file structure_1.cif (mmCIF, C-alpha atoms)
data_run
#
loop_
_atom_site.label_atom_id
_atom_site.label_comp_id
_atom_site.auth_asym_id
_atom_site.auth_seq_id
_atom_site.Cartn_x
_atom_site.Cartn_y
_atom_site.Cartn_z
CA MET A 6 0.00 0.00 0.00
CA THR A 7 2.48 2.58 1.19
CA LYS A 8 4.94 1.57 -1.48
CA MET A 9 2.63 3.21 -4.02
CA LEU A 10 3.29 6.60 -2.45
CA GLY A 11 6.91 7.26 -3.36
CA GLY A 12 8.96 9.86 -1.54
CA GLY A 13 8.80 12.32 -4.45
CA GLU A 14 5.04 12.22 -4.75
CA MET A 15 4.73 12.58 -1.04
CA SER A 16 6.73 15.79 -0.93
CA ARG A 17 4.89 17.17 -3.95
CA CYS A 18 1.55 16.50 -2.26
CA ARG A 19 2.83 18.10 0.86
CA ARG A 20 3.88 21.21 -0.98
CA LEU A 21 0.49 21.45 -2.62
CA LEU A 22 -1.36 21.07 0.59
CA ALA A 23 1.01 23.11 2.70
CA GLY A 24 -0.86 25.59 4.83
CA GLY A 25 -4.22 24.08 5.59
CA ALA A 26 -3.94 20.33 5.60
CA VAL A 27 -2.07 19.76 8.81
CA VAL A 28 -3.72 16.39 9.36
CA LEU A 29 -2.70 15.11 5.97
CA PHE A 30 0.83 16.32 6.59
CA CYS A 31 1.03 14.27 9.77
CA CYS A 32 -0.20 11.19 7.94
CA GLY A 33 2.38 11.83 5.26
CA VAL A 34 5.17 11.89 7.81
CA ALA A 35 3.95 8.70 9.40
CA LEU A 36 3.74 6.96 6.03
CA ALA A 37 7.09 8.25 4.81
CA GLU A 38 8.85 6.93 7.88
CA GLU A 39 7.30 3.49 7.62
CA ASN A 40 9.71 0.75 6.69
CA PRO A 41 8.34 -0.98 3.57
CA ARG A 42 9.79 -4.29 4.76
CA ASP A 43 7.98 -4.00 8.08
CA PRO A 44 4.45 -2.68 7.51
CA TYR A 45 3.15 -3.93 10.88
CA GLU A 46 6.02 -2.54 12.92
CA GLY A 47 3.84 -1.13 15.71
CA PHE A 48 2.11 -4.46 16.31
CA ASN A 49 5.38 -6.35 15.94
CA ARG A 50 7.26 -4.22 18.44
CA SER A 51 4.62 -4.81 21.10
CA MET A 52 4.63 -8.55 20.42
CA PHE A 53 8.42 -8.48 20.57
CA ALA A 54 8.26 -6.80 23.97
CA VAL A 55 5.81 -9.47 25.17
CA ASN A 56 8.11 -12.20 23.91
CA GLU A 57 11.14 -10.67 25.60
CA VAL A 58 9.33 -10.98 28.93
CA ILE A 59 8.22 -14.57 28.24
CA ASP A 60 11.76 -15.45 27.22
CA LYS A 61 13.38 -13.79 30.19
CA TYR A 62 11.18 -15.39 32.84
CA ALA A 63 10.19 -18.73 31.31
CA THR A 64 11.82 -19.94 28.11
CA LYS A 65 15.40 -18.91 28.71
CA PRO A 66 15.66 -20.11 32.35
CA LEU A 67 14.19 -23.44 31.26
CA ALA A 68 16.68 -23.71 28.40
CA GLN A 69 19.53 -22.84 30.74
CA VAL A 70 18.55 -25.54 33.21
CA TYR A 71 18.30 -28.07 30.38
CA ASP A 72 21.63 -26.93 28.97
CA LYS A 73 23.36 -27.35 32.35
CA ALA A 74 21.59 -30.52 33.48
CA ALA A 75 21.61 -32.62 30.33
CA PRO A 76 24.95 -34.21 29.43
CA LEU A 77 26.23 -33.54 25.92
CA PRO A 78 25.30 -36.96 24.46
CA VAL A 79 21.72 -36.48 25.67
CA LYS A 80 21.48 -33.06 24.05
CA ALA A 81 23.03 -34.30 20.81
CA GLY A 82 20.70 -37.31 20.82
CA THR A 83 17.67 -35.09 21.38
CA SER A 84 18.61 -32.75 18.54
CA ASN A 85 19.34 -35.70 16.27
CA PHE A 86 16.06 -37.40 17.13
CA PHE A 87 13.92 -34.39 16.26
CA GLY A 88 16.12 -33.67 13.25
CA ASN A 89 15.45 -37.19 11.99
CA VAL A 90 11.70 -36.86 12.53
CA GLY A 91 11.81 -33.74 10.36
CA ASP A 92 13.72 -35.25 7.44
CA LEU A 93 10.66 -36.82 5.78
CA TRP A 94 8.91 -33.45 5.51
CA ILE A 95 12.17 -31.78 4.43
CA GLY A 96 12.45 -34.35 1.65
CA THR A 97 8.82 -33.78 0.68
CA ASN A 98 9.46 -30.05 0.39
CA ASN A 99 12.57 -30.62 -1.68
CA ALA A 100 10.49 -32.76 -4.02
CA LEU A 101 7.76 -30.11 -4.15
CA GLN A 102 10.44 -27.62 -5.21
CA GLY A 103 11.63 -29.98 -7.93
CA LYS A 104 14.89 -30.84 -6.20
CA PHE A 105 14.58 -34.60 -6.44
CA GLY A 106 18.26 -35.30 -5.84
CA ASP A 107 18.11 -33.49 -2.51
CA ALA A 108 14.83 -35.20 -1.69
CA GLY A 109 16.52 -38.56 -2.28
CA ILE A 110 19.29 -37.62 0.13
CA ASP A 111 16.71 -36.66 2.78
CA ILE A 112 14.89 -39.97 2.45
CA GLY A 113 18.22 -41.80 2.52
CA ARG A 114 19.08 -39.93 5.71
CA LEU A 115 15.75 -40.92 7.25
CA LEU A 116 16.23 -44.61 6.40
CA ILE A 117 19.83 -44.76 7.61
CA ASN A 118 19.34 -42.75 10.80
CA SER A 119 16.11 -44.51 11.79
CA THR A 120 17.80 -47.91 11.57
CA ILE A 121 21.58 -47.80 11.98
CA GLY A 122 21.22 -44.52 13.85
CA ILE A 123 18.86 -46.16 16.39
CA PHE A 124 15.58 -44.23 15.97
CA GLY A 125 17.50 -41.18 14.88
CA LEU A 126 19.48 -40.71 18.08
CA PHE A 127 22.71 -40.78 16.06
CA ASP A 128 23.20 -38.85 12.86
CA VAL A 129 25.08 -41.58 11.01
CA ALA A 130 23.98 -40.25 7.62
CA SER A 131 25.95 -37.02 8.06
CA GLU A 132 29.05 -39.05 8.85
CA LEU A 133 28.45 -40.90 5.60
CA GLY A 134 28.34 -37.64 3.71
CA LEU A 135 24.55 -37.27 3.32
CA GLU A 136 24.20 -33.62 4.19
CA LYS A 137 21.24 -32.38 6.21
CA HIS A 138 19.02 -29.82 4.49
CA GLU A 139 16.83 -27.04 5.78
CA GLU A 140 13.45 -26.91 4.09
CA ASP A 141 9.91 -26.05 5.10
CA PHE A 142 6.62 -25.24 3.41
CA GLY A 143 7.23 -21.48 3.59
CA GLN A 144 10.33 -21.93 1.41
CA THR A 145 8.39 -24.18 -0.96
CA MET A 146 5.75 -21.47 -1.37
CA ALA A 147 8.47 -18.90 -1.97
CA VAL A 148 9.95 -21.08 -4.72
CA TRP A 149 6.46 -21.35 -6.22
CA GLY A 150 6.40 -17.55 -6.39
CA VAL A 151 4.42 -16.58 -3.28
CA GLY A 152 5.68 -13.25 -1.90
CA GLY A 153 6.68 -12.73 1.72
CA GLY A 154 3.67 -10.56 2.49
CA GLY A 155 5.12 -8.48 5.30
CA TYR A 156 7.11 -9.28 8.40
CA LEU A 157 5.42 -10.39 11.61
CA PHE A 158 6.74 -11.07 15.07
CA TRP A 159 4.78 -13.62 17.09
CA PRO A 160 5.23 -14.33 20.79
CA VAL A 161 6.81 -17.76 21.43
CA ILE A 162 7.17 -18.80 17.78
CA GLY A 163 9.10 -15.63 16.93
CA PRO A 164 9.67 -13.94 13.57
CA ARG A 165 7.81 -15.09 10.46
CA THR A 166 6.68 -13.33 7.33
CA LEU A 167 2.98 -13.66 6.52
CA ARG A 168 3.81 -16.40 4.00
CA ASP A 169 6.05 -18.20 6.45
CA THR A 170 3.37 -18.01 9.14
CA ALA A 171 1.04 -19.87 6.78
CA GLY A 172 3.91 -22.24 5.99
CA TRP A 173 4.46 -22.84 9.69
CA VAL A 174 0.79 -23.78 10.14
CA VAL A 175 1.14 -26.37 7.37
CA ASP A 176 4.48 -27.61 8.79
CA SER A 177 2.90 -28.08 12.22
CA TYR A 178 -0.15 -29.79 10.76
CA VAL A 179 1.91 -32.52 9.10
CA ASP A 180 4.49 -32.64 11.91
CA PRO A 181 4.64 -36.18 13.39
CA VAL A 182 5.53 -34.76 16.79
CA TRP A 183 2.32 -32.71 16.92
CA ARG A 184 0.40 -35.82 15.86
CA ALA A 185 1.88 -38.08 18.54
CA ARG A 186 -0.60 -39.61 20.99
CA PRO A 187 -1.36 -39.74 23.89
CA THR A 188 -1.63 -36.00 24.30
CA ALA A 189 0.59 -35.98 27.36
CA SER A 190 3.57 -37.43 25.51
CA ARG A 191 2.88 -35.14 22.57
CA ASN A 192 3.01 -32.15 24.90
CA SER A 193 6.23 -33.22 26.52
CA MET A 194 7.84 -33.88 23.14
CA VAL A 195 6.77 -30.50 21.76
CA THR A 196 8.10 -28.82 24.90
CA LEU A 197 11.36 -30.77 24.85
CA ARG A 198 11.96 -29.88 21.22
CA PHE A 199 11.21 -26.23 21.91
CA VAL A 200 13.58 -26.12 24.90
CA ASP A 201 16.26 -27.96 22.93
CA ILE A 202 16.08 -25.40 20.12
CA ARG A 203 16.15 -22.50 22.57
CA ALA A 204 19.14 -24.02 24.36
CA SER A 205 21.02 -24.28 21.06
CA LEU A 206 20.52 -20.52 20.65
CA LEU A 207 21.89 -19.61 24.10
CA PRO A 208 25.43 -18.85 22.88
CA SER A 209 24.13 -16.34 20.35
CA ASP A 210 22.18 -14.35 22.97
CA LYS A 211 25.20 -12.36 24.04
CA VAL A 212 26.32 -11.79 20.47
CA VAL A 213 22.95 -10.30 19.51
CA ASP A 214 22.56 -8.30 22.72
CA GLU A 215 25.95 -6.70 22.30
CA ALA A 216 25.85 -6.23 18.54
CA ALA A 217 22.42 -4.67 18.16
CA LEU A 218 21.72 -0.96 18.35
CA ASP A 219 18.03 -1.87 18.26
CA LYS A 220 17.50 -5.52 19.11
CA TYR A 221 14.11 -5.66 17.44
CA ALA A 222 15.46 -4.35 14.13
CA TYR A 223 18.60 -6.47 14.34
CA ILE A 224 16.58 -9.67 14.73
CA ARG A 225 14.12 -8.64 12.02
CA ASP A 226 16.82 -7.93 9.47
CA ALA A 227 18.78 -11.02 10.38
CA TYR A 228 15.64 -13.13 9.98
CA LEU A 229 14.82 -11.63 6.59
CA GLN A 230 18.38 -12.13 5.33
CA ARG A 231 18.52 -15.69 6.61
CA ARG A 232 15.18 -16.61 5.03
CA ARG A 233 16.28 -15.20 1.70
CA ASN A 234 19.42 -17.29 1.98
CA GLN A 235 17.41 -20.43 2.80
CA ILE A 236 15.01 -19.91 -0.08
CA PHE A 237 17.95 -19.69 -2.49
CA ASP A 238 19.67 -22.67 -0.79
CA GLY A 239 22.66 -20.66 0.36
CA ARG A 240 23.33 -18.86 -2.90
CA PRO A 241 21.09 -15.81 -3.06
CA PRO A 242 21.68 -13.41 -5.95
CA ARG A 243 23.69 -10.42 -4.87
CA LEU A 244 21.74 -7.31 -3.97
CA ASP A 245 22.92 -3.99 -5.32
CA ASP A 246 23.77 -1.32 -2.79
CA MET B 14 76.34 4.44 -9.00
CA MET B 15 76.69 1.22 -7.03
CA LYS B 16 74.45 2.63 -4.35
CA LYS B 17 71.81 3.39 -6.92
CA ILE B 18 71.91 -0.12 -8.31
CA VAL B 19 71.59 -1.63 -4.84
CA ALA B 20 68.69 0.67 -4.08
CA PHE B 21 67.03 -0.32 -7.34
CA LEU B 22 67.49 -4.02 -6.67
CA PHE B 23 66.16 -3.59 -3.19
CA ALA B 24 63.09 -1.78 -4.48
CA THR B 25 62.38 -4.52 -7.03
CA LEU B 26 62.71 -7.11 -4.33
CA ILE B 27 60.15 -5.35 -2.17
CA ALA B 28 57.84 -4.91 -5.12
CA ALA B 29 58.15 -8.60 -5.91
CA ALA B 30 57.35 -9.48 -2.32
CA VAL B 31 54.24 -7.31 -2.39
CA GLN B 32 53.21 -8.81 -5.73
CA ALA B 33 53.40 -12.31 -4.38
CA GLN B 34 50.29 -11.83 -2.30
CA GLU B 35 48.43 -14.81 -1.04
CA ALA B 36 45.32 -15.92 -2.81
CA PRO B 37 42.17 -14.90 -0.89
CA ASP B 38 41.14 -18.45 -0.01
CA VAL B 39 44.62 -19.24 1.28
CA LEU B 40 44.53 -16.10 3.40
CA ILE B 41 41.16 -16.99 4.96
CA LYS B 42 42.27 -20.51 5.71
CA GLN B 43 45.53 -19.37 7.24
CA VAL B 44 43.96 -16.74 9.49
CA THR B 45 41.12 -19.05 10.55
CA GLU B 46 43.44 -21.91 11.44
CA ASP B 47 45.78 -19.53 13.24
CA VAL B 48 43.01 -18.03 15.36
CA LEU B 49 41.25 -21.32 16.13
CA GLU B 50 44.53 -22.93 17.13
CA ILE B 51 44.91 -20.24 19.77
CA VAL B 52 41.28 -20.49 20.91
CA ARG B 53 41.54 -24.27 21.22
CA ASN B 54 44.42 -23.87 23.64
CA ASP B 55 42.95 -20.98 25.60
CA LYS B 56 40.57 -21.96 28.36
CA ASP B 57 39.84 -18.30 29.17
CA ILE B 58 38.46 -17.52 25.74
CA GLN B 59 36.48 -20.74 25.72
CA SER B 60 34.86 -19.82 29.01
CA GLY B 61 33.78 -16.46 27.68
CA ASN B 62 36.62 -14.02 28.39
CA THR B 63 35.67 -11.41 25.80
CA GLN B 64 38.62 -9.13 26.49
CA LYS B 65 41.11 -11.86 25.71
CA ALA B 66 39.22 -12.72 22.54
CA ILE B 67 39.24 -9.06 21.53
CA ASP B 68 43.01 -8.89 21.97
CA LEU B 69 43.39 -11.95 19.78
CA VAL B 70 41.11 -10.55 17.07
CA ASP B 71 42.92 -7.20 17.23
CA LYS B 72 46.23 -8.86 16.57
CA LYS B 73 45.37 -11.59 14.11
CA VAL B 74 42.20 -10.60 12.29
CA LEU B 75 42.01 -6.80 12.12
CA PRO B 76 44.89 -6.32 9.68
CA HIS B 77 42.91 -8.26 7.08
CA PHE B 78 39.70 -6.23 7.34
CA ASN B 79 38.80 -3.11 5.40
CA PHE B 80 36.75 -1.18 7.94
CA PRO B 81 36.06 2.00 5.94
CA HIS B 82 34.40 -0.18 3.29
CA MET B 83 32.38 -1.96 5.97
CA ALA B 84 31.15 1.31 7.44
CA ALA B 85 30.26 2.58 3.96
CA LEU B 86 28.36 -0.62 3.22
CA ALA B 87 26.41 -0.40 6.48
CA LEU B 88 25.52 3.24 5.98
CA GLY B 89 24.52 2.89 2.32
CA LYS B 90 23.61 6.03 0.37
CA ASP B 91 24.25 8.38 3.30
CA TRP B 92 27.98 7.53 3.25
CA ARG B 93 28.58 9.97 0.42
CA LYS B 94 26.82 12.73 2.36
CA ALA B 95 29.12 12.27 5.34
CA THR B 96 32.20 14.48 5.71
CA PRO B 97 35.59 12.74 5.70
CA GLN B 98 35.80 13.36 9.43
CA GLN B 99 32.39 11.79 10.04
CA GLN B 100 33.39 8.84 7.87
CA GLN B 101 36.51 8.39 9.94
CA GLN B 102 34.66 8.60 13.26
CA LEU B 103 31.93 6.20 12.17
CA THR B 104 34.54 3.75 10.87
CA ALA B 105 36.35 3.80 14.21
CA GLU B 106 33.21 3.26 16.29
CA PHE B 107 31.82 0.62 13.94
CA ARG B 108 35.15 -1.19 14.05
CA THR B 109 34.98 -1.42 17.84
CA LEU B 110 31.43 -2.78 17.68
CA LEU B 111 32.22 -5.35 14.98
CA VAL B 112 35.37 -6.56 16.72
CA ARG B 113 33.33 -7.18 19.84
CA THR B 114 30.67 -9.08 17.91
CA TYR B 115 33.30 -11.21 16.24
CA SER B 116 35.08 -11.83 19.56
CA ASN B 117 31.86 -12.80 21.30
CA ALA B 118 31.15 -15.29 18.55
CA LEU B 119 34.64 -16.67 19.00
CA THR B 120 34.09 -17.37 22.69
CA GLY B 121 31.24 -19.69 21.63
CA TYR B 122 33.66 -21.89 19.68
CA LYS B 123 33.48 -25.50 20.81
CA ASN B 124 35.82 -27.48 18.57
CA GLN B 125 33.53 -27.31 15.56
CA LYS B 126 35.22 -28.27 12.33
CA ILE B 127 35.66 -25.74 9.54
CA VAL B 128 35.32 -26.90 5.96
CA TYR B 129 36.78 -24.75 3.18
CA LYS B 130 34.66 -24.89 0.06
CA PRO B 131 36.39 -25.27 -3.31
CA PHE B 132 37.43 -21.84 -4.55
CA LYS B 133 38.20 -20.70 -8.04
CA MET B 134 38.96 -17.25 -9.25
CA ASN B 135 39.28 -15.77 -12.71
CA ALA B 136 42.52 -13.96 -13.48
CA GLY B 137 42.29 -10.27 -12.73
CA GLU B 138 39.33 -10.55 -10.39
CA THR B 139 39.39 -8.04 -7.54
CA ASP B 140 36.19 -8.92 -5.66
CA VAL B 141 35.60 -12.50 -4.54
CA LEU B 142 33.59 -14.64 -2.17
CA VAL B 143 35.36 -17.30 -0.11
CA ARG B 144 32.98 -19.89 1.29
CA THR B 145 33.47 -21.94 4.42
CA GLU B 146 31.22 -24.05 6.61
CA VAL B 147 31.13 -24.69 10.33
CA LEU B 148 30.22 -28.31 11.01
CA GLN B 149 28.44 -29.16 14.21
CA PRO B 150 27.09 -32.58 15.09
CA GLY B 151 23.31 -32.91 15.10
CA SER B 152 22.48 -29.85 13.05
CA LYS B 153 22.88 -28.39 9.62
CA ALA B 154 26.30 -26.96 8.86
CA VAL B 155 26.47 -23.19 9.26
CA GLN B 156 27.56 -21.27 6.21
CA LEU B 157 30.33 -18.74 6.89
CA ASP B 158 31.32 -16.67 3.87
CA TYR B 159 33.84 -13.86 3.44
CA SER B 160 33.70 -11.13 0.81
CA LEU B 161 37.16 -9.91 -0.11
CA GLU B 162 38.49 -7.19 -2.35
CA LYS B 163 41.97 -6.70 -3.69
CA LEU B 164 43.68 -3.54 -2.49
CA GLU B 165 47.26 -2.35 -2.98
CA ASN B 166 48.29 -3.99 0.28
CA GLY B 167 46.65 -7.34 -0.36
CA TRP B 168 43.24 -8.95 -0.09
CA LYS B 169 40.96 -7.43 2.55
CA VAL B 170 37.69 -8.71 3.97
CA TYR B 171 34.83 -6.22 3.66
CA ASP B 172 31.89 -8.42 4.67
CA MET B 173 31.18 -11.62 6.56
CA THR B 174 28.03 -13.65 6.17
CA VAL B 175 26.88 -16.12 8.81
CA ALA B 176 24.06 -18.43 7.66
CA GLY B 177 23.26 -15.83 5.01
CA ILE B 178 23.21 -12.95 7.49
CA SER B 179 25.69 -10.22 6.62
CA LEU B 180 27.23 -8.85 9.79
CA VAL B 181 27.63 -5.53 7.97
CA THR B 182 24.46 -4.91 5.99
CA ASN B 183 22.38 -6.15 8.89
CA TYR B 184 23.05 -2.68 10.34
CA ARG B 185 21.68 -0.81 7.37
CA ASP B 186 18.13 -0.24 8.65
CA GLN B 187 19.33 0.51 12.17
CA PHE B 188 21.82 3.05 10.83
CA ALA B 189 19.18 4.63 8.59
CA GLN B 190 16.86 4.84 11.58
CA GLU B 191 19.52 6.70 13.61
CA VAL B 192 20.41 9.02 10.72
CA ARG B 193 16.73 9.90 10.29
CA SER B 194 16.36 10.91 13.91
CA GLY B 195 19.75 12.47 14.66
CA GLY B 196 21.72 12.83 11.45
CA ILE B 197 25.10 11.20 10.89
CA ASP B 198 26.50 12.75 14.05
CA GLY B 199 23.57 11.26 15.95
CA LEU B 200 24.44 7.84 14.52
CA ILE B 201 28.09 8.20 15.50
CA ALA B 202 27.05 9.20 19.01
CA THR B 203 24.70 6.20 19.30
CA VAL B 204 27.35 3.68 18.23
CA ALA B 205 29.89 5.35 20.53
CA ALA B 206 27.46 5.18 23.46
CA LYS B 207 26.80 1.50 22.70
CA ASN B 208 30.54 0.79 22.72
CA LYS B 209 30.96 2.67 25.96
CA SER B 210 28.17 0.76 27.72
CA LEU B 211 29.73 -2.53 26.62
CA GLU B 212 33.10 -1.34 27.86
CA VAL B 213 31.58 -0.72 31.29
CA ASN B 214 30.08 -4.22 31.31
CA LEU B 215 33.47 -5.64 30.47
CA VAL B 216 35.17 -3.87 33.37
CA LYS B 217 32.42 -5.07 35.70
CA ALA B 218 32.81 -8.64 34.45
CA GLU B 219 36.54 -8.54 35.05
CA LYS B 220 36.13 -7.38 38.62
CA LYS B 221 33.92 -10.34 39.44
#
call {"tool": "encode", "arguments": {"input": "structure_1.cif", "output": "structure tokens"}}
result
Amino acid sequence: MTKMLGGGEMSRCRRLLAGGAVVLFCCGVALAEENPRDPYEGFNRSMFAVNEVIDKYATKPLAQVYDKAAPLPVKAGTSNFFGNVGDLWIGTNNALQGKFGDAGIDIGRLLINSTIGIFGLFDVASELGLEKHEEDFGQTMAVWGVGGGGYLFWPVIGPRTLRDTAGWVVDSYVDPVWRARPTASRNSMVTLRFVDIRASLLPSDKVVDEAALDKYAYIRDAYLQRRRNQIFDGRPPRLDD
Amino acid sequence: MMKKIVAFLFATLIAAAVQAQEAPDVLIKQVTEDVLEIVRNDKDIQSGNTQKAIDLVDKKVLPHFNFPHMAALALGKDWRKATPQQQQQLTAEFRTLLVRTYSNALTGYKNQKIVYKPFKMNAGETDVLVRTEVLQPGSKAVQLDYSLEKLENGWKVYDMTVAGISLVTNYRDQFAQEVRSGGIDGLIATVAAKNKSLEVNLVKAEKK
């Protein structure tokens, strides 16, 4: 929407209306300062603030306890297990994007790790040179030509574009962990996976805290860059300055 | 006459030495291995001693970075509007901030293996990308790429990308935000204040 009103037109309008239309002028300023990559910035910043509180008092302490209490093999096994569960859907997404070679590798990984790797606790496939991929339905939609549709920050699940939020809903719907029964074990598995992921991010907390002038913007821009990189499988076309 | 000949020979020798610059991929590999070798044997850095990591980065890594280019890249269009003095100040403050980021990342190093991707370069190229990967068990390898340019005094790094995130251009929106509200001087002041607050934290941490 706001993209349609370029800076030049805005200032021309302002000049025309200078004098009387104070209200319009104010709107113009607000629109001109809006970041086109972050149209819902007001909403996002409040959600970010909410999430910071949740993280500080619940998620992060939990992840720290897990990180300290669980011995390294347990943590590696946990990450490997959930990584293995995800490989079928990763392979499906690779196939949906037309990358059948990669899809084959993912299925190979799943077969090897589920058997020789003892239910996925050991990532034998990586040792054998079958590289793990990172795919999800949001990336598949991007490859199909669906635009990002604006950046959003959600409490707990974190940053997602509109497209990737929809992708995440699909990912969760087909996710075997979310489908596990009884409900109690599903809940503990979902929680364990969440805590495991958060724990793996603990070392980067300090880096981000100390690097960012504005933590919200730093995380947003990092997310958008990383997603672009994922969509292009690590080789995004260079952007001009 | 003899003196002149000796001087000439000497000059050619120096020129030849400068000409024989390392290839960019060799340089990255050498510096990385050098730094990681030290980190591997330094329990202080491994347990999060940022100051010690900063000293290491200062000595081993800084000479290979082109900070004015990094600052220009982070600032974008506004760089040309800045006075030479502002450019210099911003470069200095941004350097301090980046060195700290890099050093903090280094303290998180836990014996991960670095893989150097095959590199080829066309003759006469002056701007290249050297790709590496950090392998960690149980998760996808993390891409770590360096952009280098050829200057008179050798190849210099002007950007680093971690998992597709450029440590330099990730500042562009934040810098633009600061310039909008306080001009380029406002931006310099903000980065300087950030550095100062981190400095205070560091002193506090050391006293503990």
call {"tool": "residues_around", "arguments": {"input": "structure_1.cif", "residues": "Gly88 (chain A)", "least_positions_apart": "3", "cutoff": "9 Å", "atoms": "all atoms listed in the file", "output": "number ranges by chain"}}
result
A: 83-85, 91-92, 125, 128, 137; B: 151-152
call {"tool": "residues_around", "arguments": {"input": "structure_1.cif", "residues": "Thr104 (chain B)", "least_positions_apart": "3", "cutoff": "9 Å", "atoms": "only C-alpha atoms", "output": "list of chain:residue names"}}
result
B:Phe80, B:Pro81, B:His82, B:Met83, B:Ala84, B:Ala85, B:Gln99, B:Gln100, B:Gln101, B:Phe107, B:Arg108, B:Thr109
call {"tool": "interface_residues", "arguments": {"input": "structure_1.cif", "of": "chain A", "to": "chain B", "cutoff": "7 Å", "atoms": "all atoms listed in the file", "output": "list in words"}}
result
Ala81, Ser84, Asn85, Asp128, Lys137, His138, Pro208, Val212, Glu215, Ala216, Leu218, Asp219, Ala222, Tyr223, Asp226, Ala227, Gln230, Arg231, Asn234, Gly239 and Asp246 of chain A
call {"tool": "resolve_selection", "arguments": {"input": "structure_1.cif", "expression": "the PyMOL selection byres ((chain A and resi 200) around 12)", "output": "NGL selection string"}}
result
:A and (60 or 63-72 or 75 or 80 or 83-84 or 87 or 161 or 193-199 or 201-207)
call {"tool": "residues_around", "arguments": {"input": "structure_1.cif", "residues": "Ala171 (chain A)", "least_positions_apart": "4", "cutoff": "10 Å", "atoms": "only C-alpha atoms", "output": "list in words"}}
result
Phe142, Gly143, Met146, Arg165, Thr166, Leu167, Val175 and Asp176 of chain A
call {"tool": "resolve_selection", "arguments": {"input": "structure_1.cif", "expression": "the PyMOL selection byres ((chain B and resi 140-144) around 10)", "output": "compact mmCIF listing (two decimals) with C-alpha atoms, in the coordinates of the input"}}
result
# COMPACT_ATOMS: atom_id res chain seq x y z
CA PRO B 37 42.17 -14.90 -0.89
CA ASP B 38 41.14 -18.45 -0.01
CA VAL B 39 44.62 -19.24 1.28
CA LEU B 40 44.53 -16.10 3.40
CA ILE B 41 41.16 -16.99 4.96
CA LYS B 42 42.27 -20.51 5.71
CA VAL B 128 35.32 -26.90 5.96
CA TYR B 129 36.78 -24.75 3.18
CA LYS B 130 34.66 -24.89 0.06
CA PRO B 131 36.39 -25.27 -3.31
CA PHE B 132 37.43 -21.84 -4.55
CA LYS B 133 38.20 -20.70 -8.04
CA MET B 134 38.96 -17.25 -9.25
CA ASN B 135 39.28 -15.77 -12.71
CA GLY B 137 42.29 -10.27 -12.73
CA GLU B 138 39.33 -10.55 -10.39
CA THR B 139 39.39 -8.04 -7.54
CA THR B 145 33.47 -21.94 4.42
CA GLU B 146 31.22 -24.05 6.61
CA GLN B 156 27.56 -21.27 6.21
CA LEU B 157 30.33 -18.74 6.89
CA ASP B 158 31.32 -16.67 3.87
CA TYR B 159 33.84 -13.86 3.44
CA SER B 160 33.70 -11.13 0.81
CA LEU B 161 37.16 -9.91 -0.11
CA GLU B 162 38.49 -7.19 -2.35
CA LYS B 163 41.97 -6.70 -3.69
CA LEU B 164 43.68 -3.54 -2.49
CA TRP B 168 43.24 -8.95 -0.09
CA LYS B 169 40.96 -7.43 2.55
CA VAL B 170 37.69 -8.71 3.97
CA TYR B 171 34.83 -6.22 3.66
CA ASP B 172 31.89 -8.42 4.67
CA MET B 173 31.18 -11.62 6.56
CA THR B 174 28.03 -13.65 6.17
call {"tool": "residues_near_point", "arguments": {"input": "structure_1.cif", "point": "(16.7, -37.5, -0.9)", "cutoff": "10 Å", "atoms": "only C-alpha atoms", "output": "ChimeraX atom specification"}}
result
/A:92-93,95-97,99-100,104-115,135-138
call {"tool": "atom_distance", "arguments": {"input": "structure_1.cif", "atom1": "CA of Gly47 (chain A)", "atom2": "CA of Asp141 (chain A)"}}
result
27.8 Å
call {"tool": "resolve_selection", "arguments": {"input": "structure_1.cif", "expression": "the PyMOL selection byres ((chain A and resi 238) around 10)", "output": "ChimeraX atom specification"}}
result
/A:138-140,144,232-237,239-241 /B:177
call {"tool": "write_last_selection", "arguments": {"input": "structure_1.cif", "atoms": "C-alpha atoms", "output": "CSV table (one decimal), keeping the file's coordinate frame"}}
result
chain,number,residue,atom,x,y,z
A,138,HIS,CA,19.0,-29.8,4.5
A,139,GLU,CA,16.8,-27.0,5.8
A,140,GLU,CA,13.4,-26.9,4.1
A,144,GLN,CA,10.3,-21.9,1.4
A,232,ARG,CA,15.2,-16.6,5.0
A,233,ARG,CA,16.3,-15.2,1.7
A,234,ASN,CA,19.4,-17.3,2.0
A,235,GLN,CA,17.4,-20.4,2.8
A,236,ILE,CA,15.0,-19.9,-0.1
A,237,PHE,CA,18.0,-19.7,-2.5
A,239,GLY,CA,22.7,-20.7,0.4
A,240,ARG,CA,23.3,-18.9,-2.9
A,241,PRO,CA,21.1,-15.8,-3.1
B,177,GLY,CA,23.3,-15.8,5.0
call {"tool": "atom_distance", "arguments": {"input": "structure_1.cif", "atom1": "CA of Lys123 (chain B)", "atom2": "CA of Val182 (chain A)"}}
result
29.7 Å
call {"tool": "atom_distance", "arguments": {"input": "structure_1.cif", "atom1": "CA of Gly195 (chain B)", "atom2": "CA of Tyr156 (chain A)"}}
result
25.9 Å
call {"tool": "decode", "arguments": {"input": "structure_1.cif", "residues": "region 197-206 of chain A", "atoms": "C-alpha atoms", "output": "tab-separated table (two decimals), in the first residue's frame"}}
result
chain	number	residue	atom	x	y	z
A	197	LEU	CA	11.36	-30.77	24.85
A	198	ARG	CA	11.96	-29.88	21.22
A	199	PHE	CA	11.21	-26.23	21.91
A	200	VAL	CA	13.58	-26.12	24.90
A	201	ASP	CA	16.26	-27.96	22.93
A	202	ILE	CA	16.08	-25.40	20.12
A	203	ARG	CA	16.15	-22.50	22.57
A	204	ALA	CA	19.14	-24.02	24.36
A	205	SER	CA	21.02	-24.28	21.06
A	206	LEU	CA	20.52	-20.52	20.65
